[in-house]
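Student: Please find input-v7.cif (mmCIF, C-alpha atoms and all ligand atoms) on the next line:
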data_entry
#
loop_
_atom_site.group_PDB
_atom_site.id
_atom_site.type_symbol
_atom_site.label_atom_id
_atom_site.label_comp_id
_atom_site.auth_asym_id
_atom_site.auth_seq_id
_atom_site.Cartn_x
_atom_site.Cartn_y
_atom_site.Cartn_z
ATOM 1 C CA LYS A 1 20.899 168.683 210.802
ATOM 2 C CA HIS A 2 22.875 171.327 208.939
ATOM 3 C CA LEU A 3 22.502 171.008 205.186
ATOM 4 C CA ILE A 4 23.755 172.905 202.171
ATOM 5 C CA LEU A 5 22.017 172.695 198.790
ATOM 6 C CA ILE A 6 24.274 173.529 195.852
ATOM 7 C CA GLY A 7 23.188 173.551 192.225
ATOM 8 C CA PRO A 8 22.840 175.781 189.186
ATOM 9 C CA PRO A 9 19.857 178.118 188.672
ATOM 10 C CA GLY A 10 16.700 176.060 188.148
ATOM 11 C CA SER A 11 18.159 172.812 189.483
ATOM 12 C CA GLY A 12 15.390 172.492 192.107
ATOM 13 C CA LYS A 13 16.885 173.840 195.363
ATOM 14 C CA GLY A 14 13.918 176.082 196.097
ATOM 15 C CA THR A 15 11.439 173.344 195.157
ATOM 16 C CA GLN A 16 12.911 170.715 197.484
ATOM 17 C CA SER A 17 13.763 172.964 200.452
ATOM 18 C CA PRO A 18 10.212 173.531 201.813
ATOM 19 C CA ILE A 19 9.447 169.794 201.706
ATOM 20 C CA ILE A 20 12.642 168.779 203.513
ATOM 21 C CA LYS A 21 12.367 171.653 205.961
ATOM 22 C CA ASP A 22 8.902 170.605 207.166
ATOM 23 C CA GLU A 23 9.844 166.972 207.434
ATOM 24 C CA TYR A 24 12.934 167.570 209.573
ATOM 25 C CA CYS A 25 11.858 170.801 211.373
ATOM 26 C CA LEU A 26 14.714 172.837 209.916
ATOM 27 C CA CYS A 27 14.773 176.469 208.908
ATOM 28 C CA HIS A 28 15.134 177.317 205.221
ATOM 29 C CA LEU A 29 17.685 180.057 204.593
ATOM 30 C CA ALA A 30 17.701 181.133 200.952
ATOM 31 C CA THR A 31 19.980 184.107 200.320
ATOM 32 C CA GLY A 32 18.287 184.761 196.950
ATOM 33 C CA ASP A 33 14.826 185.005 198.617
ATOM 34 C CA MET A 34 16.197 187.263 201.364
ATOM 35 C CA LEU A 35 17.922 189.527 198.843
ATOM 36 C CA ARG A 36 14.777 189.751 196.673
ATOM 37 C CA ALA A 37 12.766 190.752 199.745
ATOM 38 C CA ALA A 38 15.352 193.443 200.529
ATOM 39 C CA VAL A 39 15.228 194.728 196.945
ATOM 40 C CA ALA A 40 11.405 194.867 197.021
ATOM 41 C CA ALA A 41 11.477 196.763 200.347
ATOM 42 C CA LYS A 42 14.238 199.068 199.053
ATOM 43 C CA THR A 43 16.332 198.595 202.199
ATOM 44 C CA PRO A 44 20.005 199.714 202.119
ATOM 45 C CA LEU A 45 20.966 196.069 201.562
ATOM 46 C CA GLY A 46 18.466 195.765 198.706
ATOM 47 C CA VAL A 47 19.711 198.946 197.053
ATOM 48 C CA LYS A 48 23.291 197.598 197.132
ATOM 49 C CA ALA A 49 22.323 194.139 195.854
ATOM 50 C CA LYS A 50 19.930 195.043 193.036
ATOM 51 C CA GLU A 51 22.363 195.854 190.234
ATOM 52 C CA ALA A 52 24.351 192.610 190.499
ATOM 53 C CA MET A 53 21.163 190.531 190.798
ATOM 54 C CA ASP A 54 19.559 192.080 187.733
ATOM 55 C CA LYS A 55 22.679 191.230 185.723
ATOM 56 C CA GLY A 56 22.881 187.685 187.051
ATOM 57 C CA GLU A 57 26.152 188.362 188.855
ATOM 58 C CA LEU A 58 26.973 187.503 192.444
ATOM 59 C CA VAL A 59 26.384 190.026 195.216
ATOM 60 C CA SER A 60 29.498 190.781 197.299
ATOM 61 C CA ASP A 61 30.599 188.184 199.850
ATOM 62 C CA ASP A 62 30.390 190.713 202.714
ATOM 63 C CA LEU A 63 26.697 191.416 202.107
ATOM 64 C CA VAL A 64 25.561 187.800 201.987
ATOM 65 C CA VAL A 65 27.825 186.642 204.815
ATOM 66 C CA GLY A 66 26.257 189.391 206.947
ATOM 67 C CA ILE A 67 22.735 188.140 206.204
ATOM 68 C CA ILE A 68 23.581 184.525 207.009
ATOM 69 C CA ASP A 69 25.472 185.440 210.166
ATOM 70 C CA GLU A 70 22.275 187.104 211.461
ATOM 71 C CA ALA A 71 19.981 184.338 210.273
ATOM 72 C CA VAL A 72 21.755 181.297 211.762
ATOM 73 C CA LYS A 73 21.460 182.839 215.240
ATOM 74 C CA LYS A 74 17.648 182.868 215.085
ATOM 75 C CA PRO A 75 15.905 180.550 217.585
ATOM 76 C CA SER A 76 14.029 178.828 214.732
ATOM 77 C CA CYS A 77 17.369 177.727 213.278
ATOM 78 C CA GLN A 78 18.771 176.108 216.396
ATOM 79 C CA LYS A 79 17.543 172.618 215.404
ATOM 80 C CA GLY A 80 19.386 172.966 212.146
ATOM 81 C CA PHE A 81 19.051 174.624 208.766
ATOM 82 C CA ILE A 82 18.936 174.214 205.022
ATOM 83 C CA LEU A 83 21.183 176.692 203.247
ATOM 84 C CA ASP A 84 19.792 177.277 199.724
ATOM 85 C CA GLY A 85 22.050 179.371 197.505
ATOM 86 C CA PHE A 86 24.782 179.895 200.110
ATOM 87 C CA PRO A 87 27.780 179.510 200.180
ATOM 88 C CA ARG A 88 28.407 180.368 196.528
ATOM 89 C CA THR A 89 32.121 181.221 196.741
ATOM 90 C CA VAL A 90 34.984 179.568 198.595
ATOM 91 C CA VAL A 91 35.336 182.705 200.738
ATOM 92 C CA GLN A 92 31.681 182.357 201.812
ATOM 93 C CA ALA A 93 32.299 178.687 202.672
ATOM 94 C CA GLN A 94 35.287 179.583 204.847
ATOM 95 C CA LYS A 95 33.333 182.311 206.650
ATOM 96 C CA LEU A 96 30.504 179.852 207.257
ATOM 97 C CA ASP A 97 32.905 177.363 208.836
ATOM 98 C CA GLU A 98 34.130 180.104 211.183
ATOM 99 C CA MET A 99 30.552 181.035 212.142
ATOM 100 C CA LEU A 100 29.561 177.460 212.881
ATOM 101 C CA GLU A 101 32.702 176.726 214.827
ATOM 102 C CA LYS A 102 31.720 179.485 217.264
ATOM 103 C CA GLN A 103 28.351 177.766 217.756
ATOM 104 C CA GLY A 104 29.914 174.316 218.126
ATOM 105 C CA ALA A 105 28.062 173.187 214.996
ATOM 106 C CA LYS A 106 29.165 171.838 211.626
ATOM 107 C CA ILE A 107 27.791 171.067 208.165
ATOM 108 C CA ASP A 108 26.524 167.480 207.997
ATOM 109 C CA LYS A 109 25.785 167.093 204.276
ATOM 110 C CA VAL A 110 26.130 169.031 201.050
ATOM 111 C CA LEU A 111 23.498 168.029 198.485
ATOM 112 C CA ASN A 112 24.898 168.646 195.012
ATOM 113 C CA PHE A 113 22.051 169.063 192.488
ATOM 114 C CA SER A 114 23.705 167.750 189.376
ATOM 115 C CA ILE A 115 21.971 168.497 186.079
ATOM 116 C CA ASP A 116 22.841 169.311 182.476
ATOM 117 C CA ASP A 117 22.870 173.053 181.675
ATOM 118 C CA ALA A 118 20.720 172.454 178.563
ATOM 119 C CA ILE A 119 17.661 171.568 180.701
ATOM 120 C CA LEU A 120 17.758 174.756 182.748
ATOM 121 C CA GLU A 121 16.476 177.376 180.304
ATOM 122 C CA GLU A 122 13.049 175.756 180.011
ATOM 123 C CA ARG A 123 12.805 175.438 183.786
ATOM 124 C CA ILE A 124 13.822 179.044 184.409
ATOM 125 C CA THR A 125 11.690 180.740 181.756
ATOM 126 C CA GLY A 126 8.578 178.755 182.781
ATOM 127 C CA ARG A 127 8.864 179.511 186.505
ATOM 128 C CA TRP A 128 6.249 181.551 188.397
ATOM 129 C CA ILE A 129 6.653 182.350 192.078
ATOM 130 C CA HIS A 130 4.538 183.469 195.004
ATOM 131 C CA PRO A 131 6.863 186.132 196.434
ATOM 132 C CA SER A 132 5.776 186.216 200.085
ATOM 133 C CA SER A 133 5.973 182.425 200.659
ATOM 134 C CA GLY A 134 8.710 181.599 198.133
ATOM 135 C CA ARG A 135 6.522 178.858 196.602
ATOM 136 C CA SER A 136 7.380 178.203 192.973
ATOM 137 C CA TYR A 137 5.410 176.785 190.088
ATOM 138 C CA HIS A 138 6.139 175.949 186.483
ATOM 139 C CA THR A 139 3.763 176.458 183.563
ATOM 140 C CA LYS A 140 4.547 172.967 182.270
ATOM 141 C CA PHE A 141 6.134 170.915 185.079
ATOM 142 C CA ALA A 142 4.246 172.167 188.161
ATOM 143 C CA PRO A 143 1.278 174.296 187.084
ATOM 144 C CA PRO A 144 -0.863 176.040 189.712
ATOM 145 C CA LYS A 145 -4.547 175.020 189.883
ATOM 146 C CA VAL A 146 -5.500 178.371 188.346
ATOM 147 C CA ALA A 147 -3.004 179.988 185.954
ATOM 148 C CA GLY A 148 -1.139 182.899 187.581
ATOM 149 C CA ILE A 149 -2.643 182.284 191.053
ATOM 150 C CA ASP A 150 -1.041 180.773 194.186
ATOM 151 C CA ASP A 151 -2.819 177.537 195.235
ATOM 152 C CA VAL A 152 -2.657 178.305 198.959
ATOM 153 C CA THR A 153 -3.382 182.037 199.288
ATOM 154 C CA GLY A 154 -5.158 182.856 196.016
ATOM 155 C CA GLU A 155 -2.679 185.698 195.528
ATOM 156 C CA PRO A 156 -1.102 186.492 192.141
ATOM 157 C CA LEU A 157 2.122 184.831 190.979
ATOM 158 C CA ILE A 158 4.980 186.761 189.415
ATOM 159 C CA GLN A 159 8.034 186.024 187.299
ATOM 160 C CA ARG A 160 11.515 186.867 188.579
ATOM 161 C CA LYS A 161 13.279 189.710 186.809
ATOM 162 C CA ASP A 162 16.414 187.572 186.324
ATOM 163 C CA ASP A 163 14.492 184.624 184.832
ATOM 164 C CA THR A 164 15.271 185.410 181.192
ATOM 165 C CA ALA A 165 17.393 183.331 178.814
ATOM 166 C CA ALA A 166 19.960 186.159 178.583
ATOM 167 C CA VAL A 167 20.437 186.676 182.341
ATOM 168 C CA LEU A 168 20.468 182.899 182.858
ATOM 169 C CA LYS A 169 23.693 182.811 180.795
ATOM 170 C CA SER A 170 25.483 185.079 183.293
ATOM 171 C CA ARG A 171 24.042 183.167 186.260
ATOM 172 C CA LEU A 172 25.364 179.895 184.825
ATOM 173 C CA GLU A 173 28.751 181.457 184.168
ATOM 174 C CA ALA A 174 28.939 182.646 187.779
ATOM 175 C CA PHE A 175 27.943 179.165 188.922
ATOM 176 C CA HIS A 176 30.669 177.430 186.943
ATOM 177 C CA LYS A 177 33.422 179.918 187.785
ATOM 178 C CA LYS A 178 32.715 180.657 191.439
ATOM 179 C CA THR A 179 30.392 178.016 192.880
ATOM 180 C CA LYS A 180 31.782 174.773 191.410
ATOM 181 C CA PRO A 181 34.967 175.291 193.526
ATOM 182 C CA VAL A 182 32.706 175.261 196.603
ATOM 183 C CA VAL A 183 31.699 171.683 195.736
ATOM 184 C CA ASP A 184 35.409 170.759 195.625
ATOM 185 C CA TYR A 185 35.930 172.489 198.984
ATOM 186 C CA TYR A 186 33.330 170.213 200.604
ATOM 187 C CA SER A 187 34.375 167.121 198.626
ATOM 188 C CA LYS A 188 37.685 167.241 200.476
ATOM 189 C CA LYS A 189 35.685 166.984 203.700
ATOM 190 C CA LYS A 190 33.823 163.976 202.250
ATOM 191 C CA ILE A 191 30.329 165.317 202.908
ATOM 192 C CA VAL A 192 29.082 165.855 199.339
ATOM 193 C CA VAL A 193 26.237 163.724 197.979
ATOM 194 C CA ASP A 194 25.368 163.980 194.279
ATOM 195 C CA LEU A 195 21.673 164.073 193.371
ATOM 196 C CA GLN A 196 20.248 163.385 189.919
ATOM 197 C CA ALA A 197 18.374 166.652 189.669
ATOM 198 C CA GLU A 198 16.993 166.128 186.162
ATOM 199 C CA LYS A 199 14.552 163.523 187.515
ATOM 200 C CA PRO A 200 10.941 164.477 188.413
ATOM 201 C CA PRO A 201 10.568 166.455 191.669
ATOM 202 C CA LYS A 202 9.140 163.476 193.603
ATOM 203 C CA ASP A 203 12.105 161.286 192.705
ATOM 204 C CA VAL A 204 14.539 163.969 193.827
ATOM 205 C CA THR A 205 12.681 164.294 197.145
ATOM 206 C CA GLU A 206 12.937 160.526 197.659
ATOM 207 C CA GLU A 207 16.645 160.586 196.899
ATOM 208 C CA ILE A 208 17.150 163.306 199.521
ATOM 209 C CA GLN A 209 15.086 161.419 202.095
ATOM 210 C CA LYS A 210 17.263 158.352 201.542
ATOM 211 C CA VAL A 211 20.426 160.383 202.073
ATOM 212 C CA LEU A 212 19.112 162.003 205.245
ATOM 213 C CA SER A 213 17.902 158.782 206.824
ATOM 214 C CA SER A 214 21.198 156.956 206.234
HETATM 215 P P1 LIG B 1 18.943 182.521 193.845
HETATM 216 O O1 LIG B 1 17.599 182.977 194.205
HETATM 217 O O2 LIG B 1 19.682 181.632 194.770
HETATM 218 O O3 LIG B 1 18.846 181.892 192.394
HETATM 219 P P2 LIG B 1 19.617 180.652 191.711
HETATM 220 O O4 LIG B 1 20.753 180.082 192.410
HETATM 221 O O5 LIG B 1 19.880 181.130 190.330
HETATM 222 O O6 LIG B 1 18.630 179.490 191.802
HETATM 223 P P3 LIG B 1 17.130 179.451 191.403
HETATM 224 O O7 LIG B 1 16.288 179.994 192.481
HETATM 225 O O8 LIG B 1 16.961 180.047 190.033
HETATM 226 O O9 LIG B 1 16.945 177.888 191.199
HETATM 227 P P4 LIG B 1 16.358 176.751 192.156
HETATM 228 O O10 LIG B 1 17.385 175.670 192.181
HETATM 229 O O11 LIG B 1 15.874 177.261 193.456
HETATM 230 O O12 LIG B 1 15.154 176.276 191.223
HETATM 231 P P5 LIG B 1 13.610 176.004 191.578
HETATM 232 O O13 LIG B 1 13.488 174.916 192.592
HETATM 233 O O14 LIG B 1 12.874 177.252 191.826
HETATM 234 O O15 LIG B 1 19.893 183.793 193.592
HETATM 235 C C1 LIG B 1 19.482 184.887 192.818
HETATM 236 C C2 LIG B 1 20.566 185.958 192.781
HETATM 237 O O16 LIG B 1 20.813 186.451 194.112
HETATM 238 C C3 LIG B 1 21.956 185.510 192.286
HETATM 239 O O17 LIG B 1 22.051 185.555 190.883
HETATM 240 C C4 LIG B 1 22.868 186.530 192.983
HETATM 241 O O18 LIG B 1 22.861 187.768 192.316
HETATM 242 C C5 LIG B 1 22.193 186.721 194.335
HETATM 243 N N1 LIG B 1 22.698 185.792 195.378
HETATM 244 C C6 LIG B 1 21.966 184.860 196.055
HETATM 245 N N2 LIG B 1 22.734 184.185 196.926
HETATM 246 C C7 LIG B 1 23.990 184.703 196.816
HETATM 247 C C8 LIG B 1 25.230 184.395 197.443
HETATM 248 N N3 LIG B 1 25.339 183.427 198.373
HETATM 249 N N4 LIG B 1 26.319 185.120 197.081
HETATM 250 C C9 LIG B 1 26.240 186.105 196.146
HETATM 251 N N5 LIG B 1 25.094 186.427 195.512
HETATM 252 C C10 LIG B 1 23.970 185.727 195.831
HETATM 253 O O19 LIG B 1 13.130 175.376 190.161
HETATM 254 C C11 LIG B 1 13.098 176.150 188.983
HETATM 255 C C12 LIG B 1 11.840 175.822 188.161
HETATM 256 O O20 LIG B 1 11.877 174.454 187.748
HETATM 257 C C13 LIG B 1 10.534 175.984 188.956
HETATM 258 O O21 LIG B 1 9.565 176.512 188.110
HETATM 259 C C14 LIG B 1 10.180 174.558 189.388
HETATM 260 O O22 LIG B 1 8.783 174.375 189.503
HETATM 261 C C15 LIG B 1 10.780 173.710 188.276
HETATM 262 N N6 LIG B 1 11.330 172.442 188.780
HETATM 263 C C16 LIG B 1 11.999 172.239 189.957
HETATM 264 N N7 LIG B 1 12.387 170.952 190.072
HETATM 265 C C17 LIG B 1 11.971 170.330 188.925
HETATM 266 C C18 LIG B 1 12.078 168.986 188.441
HETATM 267 N N8 LIG B 1 12.702 168.024 189.170
HETATM 268 N N9 LIG B 1 11.546 168.691 187.233
HETATM 269 C C19 LIG B 1 10.914 169.656 186.496
HETATM 270 N N10 LIG B 1 10.768 170.945 186.906
HETATM 271 C C20 LIG B 1 11.292 171.275 188.103
HETATM 272 ZN ZN ZN B 2 15.831 179.196 194.346
HETATM 273 ZN ZN ZN B 3 26.501 173.451 184.376
#
For the file at hand, write its structure as structure tokens.
Tutor:
Amino acid sequence: KHLILIGPPGSGKGTQSPIIKDEYCLCHLATGDMLRAAVAAKTPLGVKAKEAMDKGELVSDDLVVGIIDEAVKKPSCQKGFILDGFPRTVVQAQKLDEMLEKQGAKIDKVLNFSIDDAILEERITGRWIHPSSGRSYHTKFAPPKVAGIDDVTGEPLIQRKDDTAAVLKSRLEAFHKKTKPVVDYYSKKKIVVDLQAEKPPKDVTEEIQKVLSS
């Protein structure tokens, strides 16, 4: 299966991906996670991406298309993948189609996490993540067993630099201007499924499972 998850910041893409990935043996490709790792390691890619990310703007299409082009060729992705946070512009979507065509593959479903913008600030400002695994928690909606500590490894949790109310505004603006047209791009291909992403995480998981088993 080849899936795309599209939704605004805080809509639940990163929460649902690990669950779905394990169940269907897919690889989870999250451009945001990959870029944050590059920034932390101060690689040339990370150095180029940092400024835009800190401001809540999109990184250039060339940079992210390059990362995905590498990633989809990995052996672990040959059974299929979940794209989380990519494509985010129509240009990225077109490049992805070209890449997949070469592999004789295609996108099966686009899961559109639909949610009111007003709910997102509380989700974003309460999020804590475990950087090396990508696991995320929420102080109110999904608290770790011990505050500030990852349940699995016992390592400390951190907050993302772009998870402030002010930067969220720019991220939402980028989503509406540049990423909404990507939903229209896939709607024309009749592969978009709308999810009610304001429901509790378990309900969203069930909705996705229903879509994938049909
Ligand atoms: P990225 O990392 O992709 O961030 P994003 O799109 O803003 O999405 P988030 O990770 O904030 O949200 P999510 O949907 O994963 O939410 P989560 O499940 O964690 O991108 C970051 C930056 O990188 C971009 O701004 C850009 O600069 C750059 N970038 C990345 N990809 C790019 C691309 N393709 N092109 C150009 N630039 C790119 O949930 C959030 C919180 O809510 C958590 O605390 C969680 O526990 C909680 N929660 C989740 N679900 C629920 C629920 N159902 N009910 C209650 N709480 C919930
Ligand atoms: Zn995410
Ligand atoms: Zn919105």
Student: For ligand ZN 2 (chain B), which residue out of A:Glu122, A:Asp194, A:Asp84, A:Glu23 is the nearest one, using only C-alpha atoms and all ligand atoms?
Tutor: A:Asp84
Student: Centre and edge lengths, as JSON, for the axis-aligned box enclosing every listed atom of range 36-46 of chain A with 3 Å of padding on each of the six sides, in Å to one decimal?
Tutor:
{"center_x": 16.2, "center_y": 194.7, "center_z": 199.4, "size_x": 15.6, "size_y": 16.0, "size_z": 11.5}
Student: Pick out the residues sitting within 7 Å of Lys50 in chain A, and hand them over as a list in words; count only C-alpha atoms, and ignore anything fewer than 4 positions along from it in its own chain.
Tutor: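 Once the nearby chain positions are removed, what remains is Val39, Gly46 and Asp54 of chain A.
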Student: Excluding same-chain residues fewer than 5 positions from Val65 in chain A, what lies within 8 Å of it counting all atoms listed in the file, as an NGL selection string?
Tutor: :A and (92 or 95-96)
Student: Apply the PyMOL selection byres (((chain A and resi 27-34) around 6) and not hetatm) to the displayed file and report the matching residues as a VMD selection string.
Tutor: chain A and resid 26 35 to 37 77 81 to 85
